[in-house]
Every structure is written in C-alpha cells, then in structure tokens.
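Raw contents of target.csv, CSV, C-alpha atoms:
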```csv
chain,number,residue,atom,x,y,z
A,1,MET,CA,34.2,-16.9,-18.4
A,2,ARG,CA,31.3,-14.5,-18.8
A,3,SER,CA,32.3,-11.6,-21.1
A,4,ASN,CA,30.1,-9.1,-19.3
A,5,ASP,CA,31.6,-9.6,-15.9
A,6,VAL,CA,32.8,-6.5,-14.1
A,7,ILE,CA,35.0,-8.0,-11.4
A,8,HIS,CA,36.3,-6.2,-8.3
A,9,PHE,CA,37.6,-8.9,-6.0
A,10,CYS,CA,39.2,-8.2,-2.7
A,11,PRO,CA,40.0,-11.4,-0.8
A,12,PRO,CA,42.2,-11.4,2.4
A,13,ALA,CA,45.9,-10.7,1.6
A,14,ARG,CA,46.8,-14.2,2.9
A,15,VAL,CA,44.7,-17.3,3.5
A,16,VAL,CA,46.1,-20.0,5.6
A,17,LEU,CA,43.8,-23.0,5.8
A,18,GLY,CA,44.6,-26.4,7.4
A,19,CYS,CA,44.5,-28.4,10.6
A,20,GLY,CA,47.0,-27.2,13.1
A,21,SER,CA,47.7,-24.0,11.1
A,22,ARG,CA,47.3,-21.8,14.1
A,23,ALA,CA,50.9,-22.8,15.2
A,24,GLN,CA,52.2,-21.0,12.1
A,25,LEU,CA,50.9,-17.6,13.1
A,26,PRO,CA,53.6,-16.3,15.4
A,27,ALA,CA,56.4,-17.0,12.9
A,28,LEU,CA,54.3,-15.5,10.1
A,29,LEU,CA,53.7,-12.3,12.0
A,30,GLU,CA,57.4,-12.1,12.9
A,31,ARG,CA,58.3,-12.5,9.2
A,32,LEU,CA,55.9,-9.6,8.3
A,33,GLY,CA,57.5,-7.4,10.9
A,34,TYR,CA,54.7,-7.1,13.5
A,35,GLN,CA,55.7,-6.5,17.1
A,36,SER,CA,52.8,-5.4,19.2
A,37,GLY,CA,49.2,-6.7,19.0
A,38,VAL,CA,45.8,-6.8,20.6
A,39,LEU,CA,44.0,-10.2,20.7
A,40,VAL,CA,40.2,-9.8,20.8
A,41,THR,CA,38.3,-12.8,22.0
A,42,ASP,CA,35.9,-13.9,24.8
A,43,THR,CA,36.2,-15.6,28.1
A,44,PHE,CA,35.4,-19.1,26.7
A,45,PHE,CA,38.6,-19.0,24.6
A,46,SER,CA,40.8,-17.2,27.1
A,47,LYS,CA,39.8,-19.4,30.1
A,48,GLN,CA,38.5,-22.7,28.8
A,49,THR,CA,40.8,-23.4,25.9
A,50,PRO,CA,44.6,-23.4,25.7
A,51,TRP,CA,44.7,-21.4,22.5
A,52,VAL,CA,45.2,-17.9,23.8
A,53,ARG,CA,48.0,-18.7,26.2
A,54,GLU,CA,49.7,-20.9,23.6
A,55,TYR,CA,49.7,-18.1,21.1
A,56,ILE,CA,50.9,-15.5,23.6
A,57,ALA,CA,53.8,-17.7,24.7
A,58,ALA,CA,54.8,-18.5,21.2
A,59,ALA,CA,54.5,-14.9,20.0
A,60,GLU,CA,56.4,-13.6,23.0
A,61,ALA,CA,59.3,-16.0,22.3
A,62,LEU,CA,59.6,-14.2,18.9
A,63,GLY,CA,59.5,-10.8,20.4
A,64,ILE,CA,55.8,-10.0,19.7
A,65,SER,CA,53.9,-8.6,22.7
A,66,THR,CA,50.1,-9.1,23.0
A,67,ILE,CA,47.4,-7.5,25.0
A,68,VAL,CA,44.3,-9.7,25.5
A,69,PHE,CA,40.8,-8.2,25.4
A,70,ASP,CA,38.4,-11.1,26.3
A,71,GLY,CA,35.2,-9.1,26.6
A,72,GLY,CA,33.7,-10.2,23.3
A,73,ALA,CA,30.0,-11.1,23.3
A,74,ALA,CA,27.4,-12.3,20.9
A,75,ASP,CA,25.9,-9.5,18.8
A,76,PRO,CA,28.4,-6.9,19.9
A,77,THR,CA,27.1,-3.4,20.5
A,78,THR,CA,28.5,0.0,19.7
A,79,THR,CA,28.7,0.6,23.4
A,80,LEU,CA,30.8,-2.5,23.9
A,81,CYS,CA,33.1,-1.3,21.1
A,82,ASP,CA,33.5,2.1,22.6
A,83,ASP,CA,34.1,0.6,26.1
A,84,ALA,CA,36.7,-1.8,24.7
A,85,THR,CA,38.4,1.0,22.8
A,86,LYS,CA,38.9,3.0,26.1
A,87,LEU,CA,40.0,0.0,28.0
A,88,ILE,CA,42.6,-1.2,25.4
A,89,ARG,CA,43.9,2.4,24.9
A,90,ALA,CA,44.4,2.7,28.7
A,91,GLN,CA,46.4,-0.6,28.7
A,92,ILE,CA,48.6,0.2,25.7
A,93,GLY,CA,49.5,3.7,26.9
A,94,ALA,CA,51.7,5.5,24.4
A,95,GLN,CA,52.6,2.3,22.5
A,96,GLN,CA,50.3,2.0,19.5
A,97,PRO,CA,49.7,-1.6,18.5
A,98,ASP,CA,50.6,-2.6,14.9
A,99,HIS,CA,48.0,-5.4,14.5
A,100,ILE,CA,44.8,-6.8,15.9
A,101,ILE,CA,44.0,-10.5,16.1
A,102,ALA,CA,40.4,-11.8,16.3
A,103,LEU,CA,39.7,-15.2,17.8
A,104,GLY,CA,36.2,-16.5,17.8
A,105,GLY,CA,33.0,-16.5,15.8
A,106,GLY,CA,31.6,-13.7,13.6
A,107,SER,CA,30.8,-11.6,16.6
A,108,ASN,CA,34.3,-11.4,17.9
A,109,ILE,CA,35.7,-10.8,14.4
A,110,ASP,CA,33.1,-8.0,13.8
A,111,LEU,CA,34.1,-6.4,17.1
A,112,ALA,CA,37.8,-6.7,16.2
A,113,LYS,CA,37.2,-5.1,12.8
A,114,ALA,CA,35.5,-2.1,14.4
A,115,LEU,CA,38.4,-1.8,16.9
A,116,CYS,CA,40.8,-1.6,14.0
A,117,VAL,CA,39.4,1.9,13.3
A,118,THR,CA,38.6,3.1,16.8
A,119,ILE,CA,41.8,2.3,18.6
A,120,PRO,CA,44.2,4.4,16.6
A,121,ASP,CA,42.7,7.8,17.7
A,122,GLY,CA,40.2,6.6,20.4
A,123,LEU,CA,37.2,7.9,18.5
A,124,PRO,CA,33.7,6.5,19.1
A,125,VAL,CA,32.6,3.9,16.5
A,126,LYS,CA,29.6,6.0,15.5
A,127,ASN,CA,32.2,8.1,13.6
A,128,PHE,CA,32.8,5.2,11.3
A,129,ILE,CA,29.2,3.9,10.6
A,130,GLY,CA,28.7,3.3,6.9
A,131,ALA,CA,31.3,3.6,4.2
A,132,LEU,CA,34.7,4.9,5.5
A,133,PRO,CA,36.3,8.0,4.0
A,134,ALA,CA,39.2,7.7,1.6
A,135,ALA,CA,42.4,6.2,3.0
A,136,PRO,CA,41.0,5.5,6.4
A,137,LYS,CA,43.4,4.9,9.3
A,138,ALA,CA,43.0,1.3,10.3
A,139,LEU,CA,45.1,-1.4,12.1
A,140,PRO,CA,45.8,-4.6,10.2
A,141,LEU,CA,43.5,-7.5,11.2
A,142,ILE,CA,44.3,-11.1,11.6
A,143,ALA,CA,41.2,-13.3,11.8
A,144,LEU,CA,41.0,-16.8,13.3
A,145,PRO,CA,37.4,-18.0,13.0
A,146,THR,CA,36.3,-20.7,15.4
A,147,THR,CA,33.0,-21.6,13.7
A,148,ALA,CA,32.4,-22.8,10.1
A,149,GLY,CA,29.8,-20.4,8.9
A,150,THR,CA,30.0,-16.6,9.3
A,151,GLY,CA,32.8,-16.0,6.8
A,152,SER,CA,33.8,-12.8,8.6
A,153,GLU,CA,37.4,-13.5,7.9
A,154,ALA,CA,36.9,-12.6,4.2
A,155,THR,CA,34.4,-9.8,4.3
A,156,PRO,CA,34.7,-5.9,4.4
A,157,GLY,CA,32.1,-5.2,7.1
A,158,ALA,CA,31.7,-5.2,10.8
A,159,ILE,CA,28.1,-5.5,12.0
A,160,LEU,CA,27.2,-4.0,15.4
A,161,ILE,CA,24.0,-3.4,17.4
A,162,ASP,CA,23.1,0.2,18.2
A,163,PRO,CA,21.4,-0.2,21.6
A,164,SER,CA,19.7,3.1,21.3
A,165,ASN,CA,17.3,1.7,18.8
A,166,ALA,CA,18.2,-2.1,18.7
A,167,THR,CA,19.1,-1.8,15.0
A,168,LYS,CA,22.1,-3.3,13.2
A,169,VAL,CA,24.7,-0.9,11.9
A,170,ALA,CA,27.8,-1.5,9.8
A,171,VAL,CA,31.3,-0.2,9.5
A,172,MET,CA,32.2,-1.0,5.9
A,173,ASP,CA,35.5,-0.8,3.9
A,174,ASN,CA,37.9,-3.1,2.1
A,175,VAL,CA,40.6,-2.0,4.6
A,176,LEU,CA,38.8,-4.1,7.2
A,177,ARG,CA,39.4,-7.3,5.2
A,178,PRO,CA,42.0,-9.3,7.1
A,179,VAL,CA,45.6,-9.2,6.1
A,180,ILE,CA,45.7,-12.8,7.3
A,181,ALA,CA,42.7,-15.2,7.4
A,182,LEU,CA,43.8,-18.3,9.3
A,183,ILE,CA,41.3,-21.1,9.2
A,184,ASP,CA,42.2,-24.0,11.4
A,185,PRO,CA,39.4,-26.6,11.3
A,186,GLU,CA,40.5,-27.9,14.7
A,187,PHE,CA,39.0,-24.7,16.2
A,188,THR,CA,35.6,-25.9,15.2
A,189,TYR,CA,35.8,-29.4,16.8
A,190,THR,CA,34.4,-28.1,20.1
A,191,CYS,CA,31.3,-26.5,18.6
A,192,PRO,CA,28.1,-27.9,20.1
A,193,PRO,CA,25.4,-29.2,17.7
A,194,ARG,CA,23.3,-26.0,17.9
A,195,VAL,CA,26.2,-23.8,17.0
A,196,THR,CA,27.3,-26.2,14.3
A,197,ALA,CA,23.8,-26.1,12.7
A,198,ASP,CA,23.4,-22.4,12.9
A,199,SER,CA,26.9,-21.6,11.5
A,200,GLY,CA,26.6,-24.4,8.8
A,201,ILE,CA,23.3,-23.2,7.5
A,202,ASP,CA,24.8,-19.7,7.4
A,203,ALA,CA,27.6,-20.9,5.2
A,204,LEU,CA,25.1,-22.6,2.9
A,205,THR,CA,23.0,-19.5,2.7
A,206,HIS,CA,26.1,-17.4,1.9
A,207,ALA,CA,27.0,-19.7,-0.9
A,208,VAL,CA,23.6,-20.2,-2.5
A,209,GLU,CA,22.5,-16.5,-2.1
A,210,SER,CA,25.7,-15.2,-3.7
A,211,TYR,CA,25.5,-17.8,-6.4
A,212,LEU,CA,22.0,-16.5,-7.4
A,213,THR,CA,22.4,-12.8,-6.7
A,214,LEU,CA,22.5,-9.9,-9.2
A,215,ASP,CA,25.1,-10.0,-11.9
A,216,SER,CA,28.2,-7.8,-11.6
A,217,ALA,CA,27.3,-6.0,-14.9
A,218,GLU,CA,24.0,-4.9,-13.4
A,219,PHE,CA,25.1,-4.2,-9.8
A,220,ASP,CA,24.8,-0.7,-8.5
A,221,ARG,CA,28.2,0.2,-7.0
A,222,GLY,CA,27.1,3.7,-6.1
A,223,GLY,CA,30.0,5.3,-7.9
A,224,GLN,CA,32.5,3.7,-5.6
A,225,VAL,CA,35.9,2.9,-7.1
A,226,ASP,CA,36.6,0.4,-4.3
A,227,PRO,CA,33.3,-1.2,-3.5
A,228,GLY,CA,32.8,-3.7,-0.8
A,229,TYR,CA,30.4,-5.7,-2.8
A,230,SER,CA,29.9,-5.7,-6.6
A,231,GLY,CA,27.6,-8.5,-7.7
A,232,ARG,CA,28.2,-12.1,-8.8
A,233,SER,CA,30.8,-13.0,-11.5
A,234,SER,CA,32.3,-16.2,-12.9
A,235,LEU,CA,35.0,-15.8,-10.2
A,236,THR,CA,32.6,-15.6,-7.2
A,237,MET,CA,30.4,-18.4,-8.7
A,238,LEU,CA,33.4,-20.8,-8.7
A,239,PHE,CA,33.8,-20.4,-5.0
A,240,ALA,CA,30.0,-20.5,-4.4
A,241,ARG,CA,29.6,-23.7,-6.4
A,242,GLU,CA,32.3,-25.5,-4.5
A,243,ALA,CA,30.9,-24.3,-1.1
A,244,ILE,CA,27.4,-25.6,-2.0
A,245,ASP,CA,28.9,-29.0,-2.9
A,246,LEU,CA,30.8,-29.2,0.4
A,247,CYS,CA,27.7,-28.2,2.4
A,248,ALA,CA,25.6,-30.7,0.6
A,249,ARG,CA,28.1,-33.4,1.6
A,250,PHE,CA,29.1,-32.4,5.1
A,251,LEU,CA,26.7,-30.1,6.8
A,252,MET,CA,24.4,-32.8,8.2
A,253,ARG,CA,27.3,-35.0,9.0
A,254,THR,CA,28.9,-32.4,11.3
A,255,TYR,CA,25.5,-31.8,13.0
A,256,LYS,CA,24.9,-35.5,13.7
A,257,ASP,CA,28.5,-36.3,14.7
A,258,GLY,CA,30.7,-33.5,15.9
A,259,ALA,CA,33.7,-36.0,16.1
A,260,ASP,CA,33.5,-36.5,12.3
A,261,THR,CA,36.7,-34.7,11.5
A,262,GLU,CA,36.4,-35.1,7.7
A,263,ALA,CA,33.0,-33.4,7.9
A,264,ARG,CA,34.4,-30.7,10.2
A,265,ILE,CA,37.3,-30.0,7.8
A,266,GLY,CA,34.9,-30.0,4.8
A,267,MET,CA,32.6,-27.4,6.4
A,268,ALA,CA,35.6,-25.2,7.3
A,269,TYR,CA,36.5,-25.2,3.6
A,270,ALA,CA,32.9,-24.6,2.7
A,271,SER,CA,32.5,-21.7,5.0
A,272,HIS,CA,35.6,-19.9,3.7
A,273,TYR,CA,34.8,-20.6,0.0
A,274,ALA,CA,31.3,-19.2,0.6
A,275,ALA,CA,32.9,-16.1,2.2
A,276,LEU,CA,35.1,-15.6,-0.8
A,277,SER,CA,32.0,-15.7,-2.9
A,278,TYR,CA,29.7,-13.5,-0.9
A,279,GLY,CA,32.5,-11.3,0.2
A,280,GLY,CA,32.7,-10.1,-3.4
A,281,ALA,CA,29.3,-10.7,-4.9
A,282,GLY,CA,27.2,-9.7,-1.9
A,283,LEU,CA,23.8,-11.0,-0.7
A,284,ASN,CA,20.2,-10.2,-1.1
A,285,ALA,CA,16.7,-11.2,0.1
A,286,VAL,CA,17.5,-14.0,2.5
A,287,HIS,CA,19.7,-11.8,4.6
A,288,GLY,CA,17.6,-8.7,4.1
A,289,ILE,CA,14.4,-10.4,5.4
A,290,ALA,CA,16.3,-12.4,8.0
A,291,TYR,CA,17.5,-9.1,9.6
A,292,ALA,CA,13.9,-8.1,10.0
A,293,VAL,CA,12.9,-11.4,11.4
A,294,ALA,CA,15.8,-11.3,13.9
A,295,GLY,CA,14.8,-7.8,15.0
A,296,LEU,CA,11.3,-9.1,15.8
A,297,THR,CA,12.1,-12.5,17.3
A,298,HIS,CA,15.7,-12.0,18.5
A,299,ALA,CA,16.5,-15.5,17.1
A,300,THR,CA,20.0,-16.4,16.0
A,301,HIS,CA,21.4,-15.2,12.7
A,302,GLY,CA,21.8,-18.7,11.3
A,303,SER,CA,18.2,-19.7,12.2
A,304,THR,CA,16.6,-16.6,10.7
A,305,ASN,CA,18.5,-17.1,7.5
A,306,ALA,CA,17.5,-20.7,7.5
A,307,VAL,CA,13.7,-20.1,7.9
A,308,MET,CA,13.8,-17.7,4.9
A,309,LEU,CA,16.1,-19.6,2.5
A,310,PRO,CA,13.7,-22.1,1.0
A,311,TYR,CA,11.1,-19.5,0.2
A,312,VAL,CA,13.6,-17.1,-1.4
A,313,LEU,CA,14.8,-20.0,-3.6
A,314,ASP,CA,11.3,-20.8,-4.5
A,315,ALA,CA,10.8,-17.2,-5.6
A,316,LEU,CA,13.8,-17.5,-8.0
A,317,ARG,CA,12.7,-20.6,-9.8
A,318,THR,CA,12.2,-18.6,-13.0
A,319,GLU,CA,14.9,-16.0,-12.9
A,320,ARG,CA,17.6,-18.5,-11.8
A,321,ALA,CA,16.4,-21.8,-13.2
A,322,THR,CA,19.8,-22.8,-14.7
A,323,GLU,CA,21.7,-22.1,-11.5
A,324,LEU,CA,19.0,-23.8,-9.3
A,325,LEU,CA,19.2,-26.9,-11.6
A,326,GLU,CA,22.9,-27.1,-10.8
A,327,VAL,CA,22.2,-26.7,-7.0
A,328,ALA,CA,19.7,-29.6,-7.4
A,329,ARG,CA,22.3,-31.9,-8.9
A,330,LEU,CA,24.8,-31.0,-6.1
A,331,PHE,CA,22.2,-32.0,-3.6
A,332,GLY,CA,21.6,-35.3,-5.3
A,333,ILE,CA,18.3,-34.4,-7.0
A,334,ASP,CA,18.4,-36.6,-10.1
A,335,THR,CA,14.9,-36.0,-11.5
A,336,LYS,CA,15.3,-35.9,-15.2
A,337,ASP,CA,12.7,-33.1,-15.8
A,338,PRO,CA,14.7,-29.9,-15.2
A,339,VAL,CA,11.6,-28.0,-14.1
A,340,ALA,CA,10.6,-30.6,-11.6
A,341,ALA,CA,14.2,-30.8,-10.3
A,342,VAL,CA,14.3,-27.1,-9.7
A,343,ARG,CA,11.0,-27.2,-8.0
A,344,GLN,CA,12.4,-29.8,-5.5
A,345,VAL,CA,15.4,-27.7,-4.4
A,346,PRO,CA,13.5,-25.5,-1.9
A,347,VAL,CA,11.7,-28.6,-0.5
A,348,VAL,CA,15.0,-30.4,0.0
A,349,ILE,CA,16.6,-27.4,1.6
A,350,ARG,CA,13.6,-27.0,3.9
A,351,ASP,CA,13.8,-30.6,4.9
A,352,LEU,CA,17.5,-30.2,5.7
A,353,ILE,CA,16.7,-27.2,7.9
A,354,GLY,CA,14.1,-29.1,9.7
A,355,GLU,CA,16.6,-32.0,10.3
A,356,LEU,CA,19.0,-29.4,11.8
A,357,GLY,CA,16.3,-28.6,14.4
A,358,ILE,CA,15.5,-25.2,13.1
A,359,PRO,CA,11.9,-24.0,12.6
A,360,THR,CA,10.9,-24.0,8.9
A,361,THR,CA,8.0,-21.4,9.0
A,362,LEU,CA,7.6,-17.9,10.5
A,363,GLN,CA,4.7,-19.2,12.5
A,364,ALA,CA,6.9,-21.7,14.2
A,365,PHE,CA,9.2,-18.8,15.1
A,366,GLY,CA,6.3,-17.2,16.9
A,367,VAL,CA,5.7,-14.5,14.3
A,368,GLY,CA,2.1,-13.4,14.2
A,369,ARG,CA,0.3,-12.8,11.0
A,370,GLU,CA,-0.2,-9.1,12.0
A,371,HIS,CA,3.6,-8.7,11.8
A,372,LEU,CA,4.0,-9.6,8.1
A,373,GLY,CA,3.5,-6.1,6.8
A,374,ASP,CA,6.1,-4.7,9.2
A,375,LEU,CA,8.5,-7.5,8.3
A,376,THR,CA,8.2,-6.6,4.6
A,377,ARG,CA,8.7,-2.9,5.3
A,378,ASP,CA,11.7,-3.4,7.5
A,379,ALA,CA,13.3,-5.9,5.1
A,380,LEU,CA,12.9,-3.5,2.2
A,381,ALA,CA,14.5,-0.8,4.3
A,382,VAL,CA,17.8,-2.7,4.0
A,383,THR,CA,18.2,-1.2,0.5
A,384,ARG,CA,21.6,-2.5,-0.3
A,385,LEU,CA,20.3,-6.1,-0.1
A,386,ALA,CA,16.9,-5.4,-1.7
A,387,LYS,CA,18.5,-3.7,-4.7
A,388,ALA,CA,20.6,-6.9,-5.4
A,389,PHE,CA,17.6,-9.2,-5.5
A,390,PRO,CA,17.4,-10.3,-9.2
A,391,VAL,CA,13.6,-9.9,-9.8
A,392,GLN,CA,11.6,-7.2,-11.6
A,393,ASP,CA,9.3,-6.2,-8.6
A,394,VAL,CA,11.3,-6.5,-5.4
A,395,PRO,CA,8.6,-5.2,-3.0
A,396,ALA,CA,6.0,-7.6,-4.4
A,397,ALA,CA,8.5,-10.4,-4.3
A,398,TYR,CA,9.4,-9.7,-0.6
A,399,ALA,CA,5.7,-9.6,0.4
A,400,CYS,CA,5.0,-12.9,-1.4
A,401,ILE,CA,8.1,-14.6,0.1
A,402,ILE,CA,7.2,-13.5,3.7
A,403,ASP,CA,3.6,-14.6,3.3
A,404,ALA,CA,4.8,-18.0,1.9
A,405,ALA,CA,7.3,-18.4,4.8
A,406,TRP,CA,4.5,-17.7,7.3
A,407,HIS,CA,2.2,-20.3,5.7
A,408,GLY,CA,4.9,-22.7,4.8
A,409,THR,CA,3.9,-22.8,1.2
A,410,LEU,CA,6.3,-23.9,-1.5
A,411,GLY,CA,5.9,-24.7,-5.2
A,412,ASP,CA,2.9,-22.7,-6.1
```
Turn this file's structure into structure tokens for me.
Amino acid sequence: MRSNDVIHFCPPARVVLGCGSRAQLPALLERLGYQSGVLVTDTFFSKQTPWVREYIAAAEALGISTIVFDGGAADPTTTLCDDATKLIRAQIGAQQPDHIIALGGGSNIDLAKALCVTIPDGLPVKNFIGALPAAPKALPLIALPTTAGTGSEATPGAILIDPSNATKVAVMDNVLRPVIALIDPEFTYTCPPRVTADSGIDALTHAVESYLTLDSAEFDRGGQVDPGYSGRSSLTMLFAREAIDLCARFLMRTYKDGADTEARIGMAYASHYAALSYGGAGLNAVHGIAYAVAGLTHATHGSTNAVMLPYVLDALRTERATELLEVARLFGIDTKDPVAAVRQVPVVIRDLIGELGIPTTLQAFGVGREHLGDLTRDALAVTRLAKAFPVQDVPAAYACIIDAAWHGTLGD
C-alpha cells in the first residue's frame, strides 16, 4: 500500500479469461438478459474462421439474434464509423440492439466502442469526440480480443483516424469499458509472427509505461469525478509488474514459435494485466512520441512504440530508478550494482526489439534529421500524455529522447 494513492479504478464489469472460454458467451449473455446484438468484426474472422458462425448459431439457439458487420479495418476512420452506423441502423430497422460484440484486434474493438454511442440515435461520431457528456447513451460492449497486446478490452477510449487531417481522435468515457471482456488465448494462435511481435511489444510498453508513469496523487484529473485515467497506484502497479514478468518470459517465445501454447496463453494474460494497469494509470511519453512517429512514417502502432521505448526508459533512470531496478530483475539482469543494472534495462529492451525484427532507431524508420523538431512539437501536442511524464522539464526531455532515438544513443 502507498498511503498517498488516490485510486479510481474502472475495470470491465466481468473478465472471462481462459482457453475455450468463447463457448461460454451465449449462455452468459442469456443469463444477463440480452436478446439482440451487433457483432463488429472484419472479413478475416467472418469468412476464414468458424468463430462468427459458431457464435451466431449458439446464440440463436438461446433466443439471441445477431447482426454481423464485418467491415472492420486497420486504423478505423471516422468515416468508416459513420458509414457503419448508417448501414447497421438500416439493417436493424425499428429494433434497437441491446448490446454490441467486438471480435478482433484493437482496431475492431475501437470501432465497436464508437458504434456503441453512434448507433442509438444515428449521430455522427464527431459529436462524441473527446470526453462524453454526463450520463451518455451507450450500448453495452462485449469485447473478444484476438491479439495479445492492445488491451482495448479494458480501456475507456476508442481511437479513430480523422481522414480530413490524418490525425487520431478519441471518444473517451468509462461507459465504453466493456461489460464483458472475454479473453480466449486460442484466438491468438493464428496470429502471424509480425502481428505477434507488434502486439506483444505493445503489451510490454503498456505495462512498463504505466508502471513508471505519474503517481495518482500528482495526476491532473481535470476536475473529473469519473476520470478515464488517474495515474499509477499500488493497485495498477500490481498488474503492471505481473505483466512485465510474463512478457519477459513469453514474448520472444511466441514470436519464435507460434505453436508454443504456453507462451501464447502467457502473453494473453500479460496483455490483459497490462491493460488493467494502463487502463487506470494511463500512459505518457512512449505513446505520445509514438503517435507523432506514426503520423510521419505510417508505421504500425506496436513498432512505433517499440522504437521509442528504450530511449524513454533511459530518460527515466533517475526519476524511476527503484522501479527500473525491479524491471531489470524481471528481465534477468542480475548485475549487483543497482545503477549498472538500471543502465542495462534500456539496452536489454532494445536488443529484444531488434530480435523481434523491429527497427531500433528513428533513422532506421526512415525519419530524417530535419523532422526531429516537428516530431517533438507534435508529440508535446498530445498534452494528456505529456503531462503524465514524471520529469521536471517535459519539453526538454522529449527533445533529448527523440534525438537519442534518432542517433541510437543509450546510457549517456
């Protein structure tokens, strides 16, 4: 316990985690009284796996009707959300659904979250950008993640791309946290190595970043009585620590051997535990700078997080020395000198990223030196993340981190 913790913790109402657990969903929905749903997914899952038709048949046998929208796409846009809203409302007619199911990675879950607020009245998603008003009208969400990394099944936000300016926008409220987060590790068994690496490093980033972020007692909640994020606490750190341990043990194993079921299960647990941590504590510089890198390079979310992670950790060696020492031990760094052990953490993490086939410098991402100033400016513009970075001079720290990531410099 930390006596100065100010905890506001909003996990999913129900977490179901286990191999084969997807088979429990129809009976659980029946018990909760749901009768009519929309399943949001993409064509891979609707056409190339049996999961969608198996669910629909089992749910129908219990009197639960389901409409399928399989137009999900990577990095969903506000336009896709609005088009999906119109299409789904045309299909359902006068019968309002009483739940939405998301099947897929973070993109499908984000789209489904946004649809939870647009479908009831058919309003465009732009009406909901940012924090929602008090008592927003939203359909209950059931999330079934198929990757071990994004943690969207435990968070309050939906991230969409606004195609008018290619920026990421968020619909944010605790009402968007799923009423059921069902994590079946068997969903991840089909993930190819590249997806496994990207999602796995995303899980590790969530865990480490939330473990080191601003304390809850110092976190600016903006006067909100029901904040989506509220800084790290002893509670969030419990989940983060366990997630880091699992990633250290199983991330590389899943990448090297997708048939390693023990590792797949371990990463499914790691991903959700990391989500329970960052879904309450929030994130900071890694994601803040990664968003800017992604806007410039259009690289994947996992890889842009990965390239920044070692350099952000290096910048926190003083402010978070105690916590980084614990991370060092979890990664098997047994150097007796604590300062030397902490210094090795960013190096070990960068080596891991390289072994996952992800570039380890901004230069290797194709970022020119002339872009570094713009990256710093754009990253600082994500103020909710910049404000949570636990250093005295955030702009100076961001500039140093980005310069180090471009040169590949650690330990200075």
Q) With all atoms listed in the file as the atoms that count, which of A:Arg31, A:Arg177, A:Lys168, A:His287 lies nearest to Ala386 in chain A? A) A:His287
Q. Which residue gives the smallest distance to Glu262 in chain A among A:Ser210, A:Thr147, A:Gln35, A:Thr188, with all atoms listed in the file counted?
A. A:Thr188
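Among A:Gly231, A:Pro11, A:Gly93, A:Gly200, the residue with the shortest atom-to-atom distance to Leu176 in chain A, counting only C-alpha atoms, is A:Pro11.
Among A:Arg232, A:His371, A:His272, A:Arg343, the residue with the shortest atom-to-atom distance to Pro12 in chain A, counting all atoms listed in the file, is A:His272.
Of the residues under consideration (A:Ile129, A:Ser234, A:Thr376, A:Ala207), A:Ser234 shows the shortest atom-to-atom contact distance to Asp5 in chain A when counting only C-alpha atoms.
Using only C-alpha atoms, the nearest neighbour of Ala388 in chain A within the list A:Ala292, A:Leu212, A:Cys116, A:Met1 is A:Leu212.
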Please provide as an mmCIF file with C-alpha atoms, in the frame of the given file all residues within 12 Å of Tyr34 in chain A, with the sequence filter that same-chain residues fewer than 4 positions apart are discarded (counting only C-alpha atoms).
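Saved file around_3.cif follows:
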```
data_model
loop_
_atom_site.group_PDB
_atom_site.id
_atom_site.type_symbol
_atom_site.label_atom_id
_atom_site.label_comp_id
_atom_site.auth_asym_id
_atom_site.auth_seq_id
_atom_site.Cartn_x
_atom_site.Cartn_y
_atom_site.Cartn_z
ATOM 1 C CA LEU A 25 50.900 -17.600 13.100
ATOM 2 C CA PRO A 26 53.600 -16.300 15.400
ATOM 3 C CA ALA A 27 56.400 -17.000 12.900
ATOM 4 C CA LEU A 28 54.300 -15.500 10.100
ATOM 5 C CA LEU A 29 53.700 -12.300 12.000
ATOM 6 C CA GLU A 30 57.400 -12.100 12.900
ATOM 7 C CA VAL A 38 45.800 -6.800 20.600
ATOM 8 C CA ALA A 59 54.500 -14.900 20.000
ATOM 9 C CA GLU A 60 56.400 -13.600 23.000
ATOM 10 C CA LEU A 62 59.600 -14.200 18.900
ATOM 11 C CA GLY A 63 59.500 -10.800 20.400
ATOM 12 C CA ILE A 64 55.800 -10.000 19.700
ATOM 13 C CA SER A 65 53.900 -8.600 22.700
ATOM 14 C CA THR A 66 50.100 -9.100 23.000
ATOM 15 C CA GLN A 96 50.300 2.000 19.500
ATOM 16 C CA PRO A 97 49.700 -1.600 18.500
ATOM 17 C CA ASP A 98 50.600 -2.600 14.900
ATOM 18 C CA HIS A 99 48.000 -5.400 14.500
ATOM 19 C CA ILE A 100 44.800 -6.800 15.900
ATOM 20 C CA ILE A 101 44.000 -10.500 16.100
ATOM 21 C CA LEU A 139 45.100 -1.400 12.100
ATOM 22 C CA PRO A 140 45.800 -4.600 10.200
ATOM 23 C CA LEU A 141 43.500 -7.500 11.200
ATOM 24 C CA ILE A 142 44.300 -11.100 11.600
ATOM 25 C CA VAL A 179 45.600 -9.200 6.100
#
```
Q: Would you kindly return, as a list in words, each protein, DNA or RNA residue with an atom no farther than 8 Å from any atom of Thr297 in chain A, considering all atoms listed in the file and excluding same-chain residues fewer than 2 positions away?
A: Val293, Ala294, Gly295, Ala299, Phe365, Gly366 and Val367 of chain A
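Residues in contact with Ile201 in chain A at up to 9 Å, not including ones fewer than 4 positions away on its chain and judged by only C-alpha atoms, are Gly149, Thr196, Ala197, Thr205, His206, Cys247, Leu251, Gly302, Ser303, Asn305, Ala306, Ile353 and Leu356 of chain A.
When CA of Cys10 in chain A is paired with CA of Pro120 in chain A, their separation reads 23.6 Å.
Across the model, the gap from CA of Ala13 in chain A to CA of Ala285 in chain A is 29.2 Å.
Our summary of the geometry notes that CA of Asp42 in chain A is positioned 14.7 Å from CA of Asp83 in chain A.
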**Q.** Shell around range 328-333 of chain A at 10 Å using all atoms listed in the file, local window under 4 positions removed, as number ranges by chain
**A.** A: 241-242, 244-249, 322-324, 338, 340-346, 348-349
N, CA and C atoms for range 378-386 of chain A, written as a short mmCIF file (atom, residue, chain, number, x, y, z; two decimals), keeping the file's coordinate frame, could you do that?
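This is the output file rebuild11.cif:
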```
data_model
loop_
_atom_site.label_atom_id
_atom_site.label_comp_id
_atom_site.auth_asym_id
_atom_site.auth_seq_id
_atom_site.Cartn_x
_atom_site.Cartn_y
_atom_site.Cartn_z
N ASP A 378 10.38 -3.48 6.93
CA ASP A 378 11.70 -3.40 7.50
C ASP A 378 12.76 -4.11 6.65
N ALA A 379 12.36 -5.19 5.99
CA ALA A 379 13.30 -5.90 5.10
C ALA A 379 13.65 -5.01 3.89
N LEU A 380 12.66 -4.35 3.31
CA LEU A 380 12.90 -3.50 2.20
C LEU A 380 13.76 -2.27 2.54
N ALA A 381 13.75 -1.92 3.83
CA ALA A 381 14.50 -0.80 4.30
C ALA A 381 16.04 -1.07 4.23
N VAL A 382 16.41 -2.37 4.16
CA VAL A 382 17.80 -2.70 4.00
C VAL A 382 18.07 -2.66 2.48
N THR A 383 18.21 -1.46 1.98
CA THR A 383 18.20 -1.20 0.50
C THR A 383 19.31 -1.87 -0.22
N ARG A 384 20.52 -1.96 0.39
CA ARG A 384 21.60 -2.50 -0.30
C ARG A 384 21.40 -3.99 -0.70
N LEU A 385 20.60 -4.69 0.14
CA LEU A 385 20.30 -6.10 -0.10
C LEU A 385 19.06 -6.19 -1.06
N ALA A 386 18.09 -5.33 -0.84
CA ALA A 386 16.90 -5.40 -1.70
C ALA A 386 17.25 -5.06 -3.14
#
```
